[in-house]
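To keep things clear, I will list the structure first and then write my remarks on it.
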Amino acid sequence: MSDKPIKILLVEDNLEYAHLIRAMVSGVGGTGFELTHVERLSDALEHLSKGGWGVALLDLLLPDSRGLDTVVKVQAQAPNVPIVVLTGLDDEALAIKAMQEGAQDYLVKGQVDGNLLRRSIRYAIERKRAEEERRELDRMKSEFIANISHELRTPLHSIRGFTRLLLQDKVTEPEVQREFLTIVDDQSENLEKLIDNLLDASRIESGRFKVQKHRLLIKDLISEVVGSFYTIASEKGITINADITEALPEVEADGERLKQVLNNLLSNAVKFSNGSSSVTVTGEAKDDELIVRVIDQGIGIPEEVRQHLFERFYRAKDTARVGGTGLGLYISKQIIEAHGGRIWVESKVGEGSTFSFTLPLIQISGDSNE
């Protein structure tokens, strides 16, 4: 819950009962509430249009509205505001219909005390929040399925097209054949990476995701991954380099998994950078951590996007043109956290982004007799 008071809009034409409700919510344990009272639905809709409300307490018998139509209109005006019906109508069938229309709870006036009302308000807010999160996750899953279908179909079409040309002997020049076979090989590798991401996401969700740690020199690993991006970066006019402290200590880590993280971060850095810019990978030991940063001079990431970047299936709406599944950063976060490290991003729109992650350094015992 936020530290800010929960703004309650009470829609009730009985002034005496409205005073009672105010006393209930401001009683013991009610210091986190701020109540506004209106008598008519029209006034309520005007207040709701301005936003900022935590919950609406709604009577079903108002001077300008009757029955479930009241719930429907409030739901239409403010779909994100949880509704608690507070009415004198003790009708189970009506209560069920009210819940079906979007109400989070149905309370009968003669059966309500302060504790029940305050608890109902808080539960209604949490249920609404969970409902919105489920709806957003469902939307993201649907979008993910559409994206993954596209990401699978594109390389498959390419592989099939070039393979058919070769099988039908329509390409006889050895140089062109080799070019086509190289494309088929590259697209097959893209498919393999995509499938690996899907399998990793499945392992994470089922709790079967593991890393295999061993001692390694992170400097060599970074240099290897950076070197693999020289060609693709140069094709876009981007300079890519590693600026690593020479005496970087060893770490205990899963080398293949760290390559996966670096590949993902560098791929994004190149993908979202313009020509004549640079991408730099740095590494340094600080205190008891190794810190690796991938720094670009690309388009930058707005705050409202940054806070969701590492979520499963998340893709910013304006990145659809560059493809992707929304799993890369999610999996990268799981890999780094499985090593006991942290991963985060700092960015300014139009200036670039810095993705950083840490790994614990190997602790050397001070009382060794060796």
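Scheme for the structure tokens: letters A, B, ... for chains in order shown; per-chain residue numbers from 1; ligand numbers from 1 in order shown.
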
For the structure I just gave you, how does DSSP split region 127-334 of chain A - specifically, which residues are strand (DSSP E)? Reply as an MDAnalysis selection string. chainID A and resid 214:216 239:244 251:253 278:286 289:296

Using the selection just defined, write its residues with C-alpha atoms as a short mmCIF file (atom, residue, chain, number, x, y, z; two decimals), in the first residue's frame.
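File written: result_37.cif
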```cif
data_model
loop_
_atom_site.label_atom_id
_atom_site.label_comp_id
_atom_site.auth_asym_id
_atom_site.auth_seq_id
_atom_site.Cartn_x
_atom_site.Cartn_y
_atom_site.Cartn_z
CA HIS A 214 33.41 -22.50 -12.43
CA ARG A 215 36.38 -20.15 -12.17
CA LEU A 216 36.89 -17.97 -15.23
CA THR A 239 32.21 1.51 -33.08
CA ILE A 240 32.27 -1.25 -30.49
CA ASN A 241 35.05 -1.86 -27.99
CA ALA A 242 35.95 -3.26 -24.58
CA ASP A 243 37.58 -1.12 -21.90
CA ILE A 244 38.50 -3.65 -19.25
CA VAL A 251 34.92 -15.00 -10.75
CA GLU A 252 32.94 -18.18 -10.20
CA ALA A 253 30.32 -18.15 -12.90
CA SER A 278 29.79 3.84 -30.09
CA VAL A 279 29.11 0.94 -27.76
CA THR A 280 31.57 0.27 -24.95
CA VAL A 281 31.80 -2.59 -22.48
CA THR A 282 33.64 -1.86 -19.24
CA GLY A 283 34.59 -4.07 -16.32
CA GLU A 284 36.01 -3.27 -12.91
CA ALA A 285 36.33 -4.76 -9.46
CA LYS A 286 34.86 -2.62 -6.71
CA GLU A 289 31.80 -7.11 -6.61
CA LEU A 290 32.72 -7.22 -10.25
CA ILE A 291 30.79 -4.58 -12.22
CA VAL A 292 30.25 -4.92 -15.96
CA ARG A 293 28.63 -2.12 -17.95
CA VAL A 294 27.38 -1.97 -21.53
CA ILE A 295 27.26 1.70 -22.54
CA ASP A 296 25.67 2.97 -25.73
#
```

Could you name the residues that touch Tyr123 (chain A) at 12 Å or less, counting only C-alpha atoms, but leaving out those on the same chain fewer than 2 positions away, as a count of residues only? 21

Would you please work out which residue, of A:Lys193, A:Lys271, A:Lys210, A:Arg178, is nearest to Leu166 (chain A) when using only C-alpha atoms? A:Arg178

What are the closest atom pairs, with distances in Å to one decimal, for all residues of region 157-250 of chain A lying within 12 Å of region 140-150 of chain A? Consider only C-alpha atoms, order rows by chain and residue number, and present the result as a tab-separated table.
```
residue	atom	partner	partner_atom	distance
A:His157	CA	A:His150	CA	10.4
A:Leu191	CA	A:Ile148	CA	10.7
A:Leu194	CA	A:Ile148	CA	8.6
A:Ile195	CA	A:Ile148	CA	9.9
A:Asn197	CA	A:Ile148	CA	10.9
A:Leu198	CA	A:Ile148	CA	9.4
```

With a distance cut-off of 10 Å and only C-alpha atoms, select the neighbouring residues of Leu45 (chain A), excluding the residue or stretch itself and same-chain residues fewer than 5 positions from it, and output the selection as a ChimeraX atom specification. /A:11,40,50,73-78

Expected file contents, prior selection, C-alpha atoms, as a PDB file, in the first residue's frame:
```pdb
ATOM      1  CA  VAL A  11     -21.901   8.217  -3.561  1.00  0.00           C
ATOM      2  CA  ARG A  40     -25.776  12.226  -7.140  1.00  0.00           C
ATOM      3  CA  LYS A  50     -10.453  13.895 -12.808  1.00  0.00           C
ATOM      4  CA  LYS A  73     -21.797   3.945 -15.536  1.00  0.00           C
ATOM      5  CA  VAL A  74     -19.147   4.242 -12.826  1.00  0.00           C
ATOM      6  CA  GLN A  75     -17.234   1.300 -14.315  1.00  0.00           C
ATOM      7  CA  ALA A  76     -17.369   2.924 -17.760  1.00  0.00           C
ATOM      8  CA  GLN A  77     -16.179   6.298 -16.435  1.00  0.00           C
ATOM      9  CA  ALA A  78     -13.349   4.945 -14.268  1.00  0.00           C
TER      10      ALA A  78
END
```

Using DSSP on the backbone, list every residue of region 41-282 of chain A that comes out as alpha helix (DSSP H), and give them as a PyMOL selection string. chain A and resi 41-49+68-77+92-100+114-167+174-206+218-227+230-235+255-271

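Using only C-alpha atoms, the contacts of region 300-311 of chain A at a cut-off of 6 Å, with sequence neighbours closer than 5 positions omitted, comprise Leu329, Tyr330, Ser347, Lys348, Val349, Gly350, Glu351, Gly352 and Ser353 of chain A.
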
Please determine, counting only C-alpha atoms, which residue among A:Leu265, A:Leu41, A:Val211, A:Ala23 has the shortest atom-to-atom distance to Gly340 (chain A). A:Val211

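Going from CA of Ser202 (chain A) over to CA of Ser188 (chain A), you cover 21.2 Å.
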
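We find CA of Gly207 (chain A) and CA of Ala338 (chain A) to be spaced 11.5 Å apart.
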
Just the number, please: distance in Å from CA of Val108 (chain A) to CA of Asp91 (chain A), one decimal.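 One can read the CA of Val108 (chain A) to CA of Asp91 (chain A) distance as 8.8 Å.
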
Need to verify the contact set: Ala95 (chain A), 9 Å, only C-alpha atoms, exclusion of same-chain residues closer than 6 positions in sequence. Can you return it as an NGL selection string? :A and (85 or 89 or 103 or 105-107)

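Residues lying within 7 Å of Phe209 (chain A), counting only C-alpha atoms and ignoring same-chain neighbours fewer than 3 positions away, are Asp200, Arg203 and Ile204 of chain A.
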
Nearest to Leu86 (chain A) by atom-to-atom distance, counting only C-alpha atoms, from A:Ile21, A:Val184, A:Val38, A:Leu258: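 Looking only at the distances to Leu86 (chain A), the closest residue turns out to be A:Ile21.
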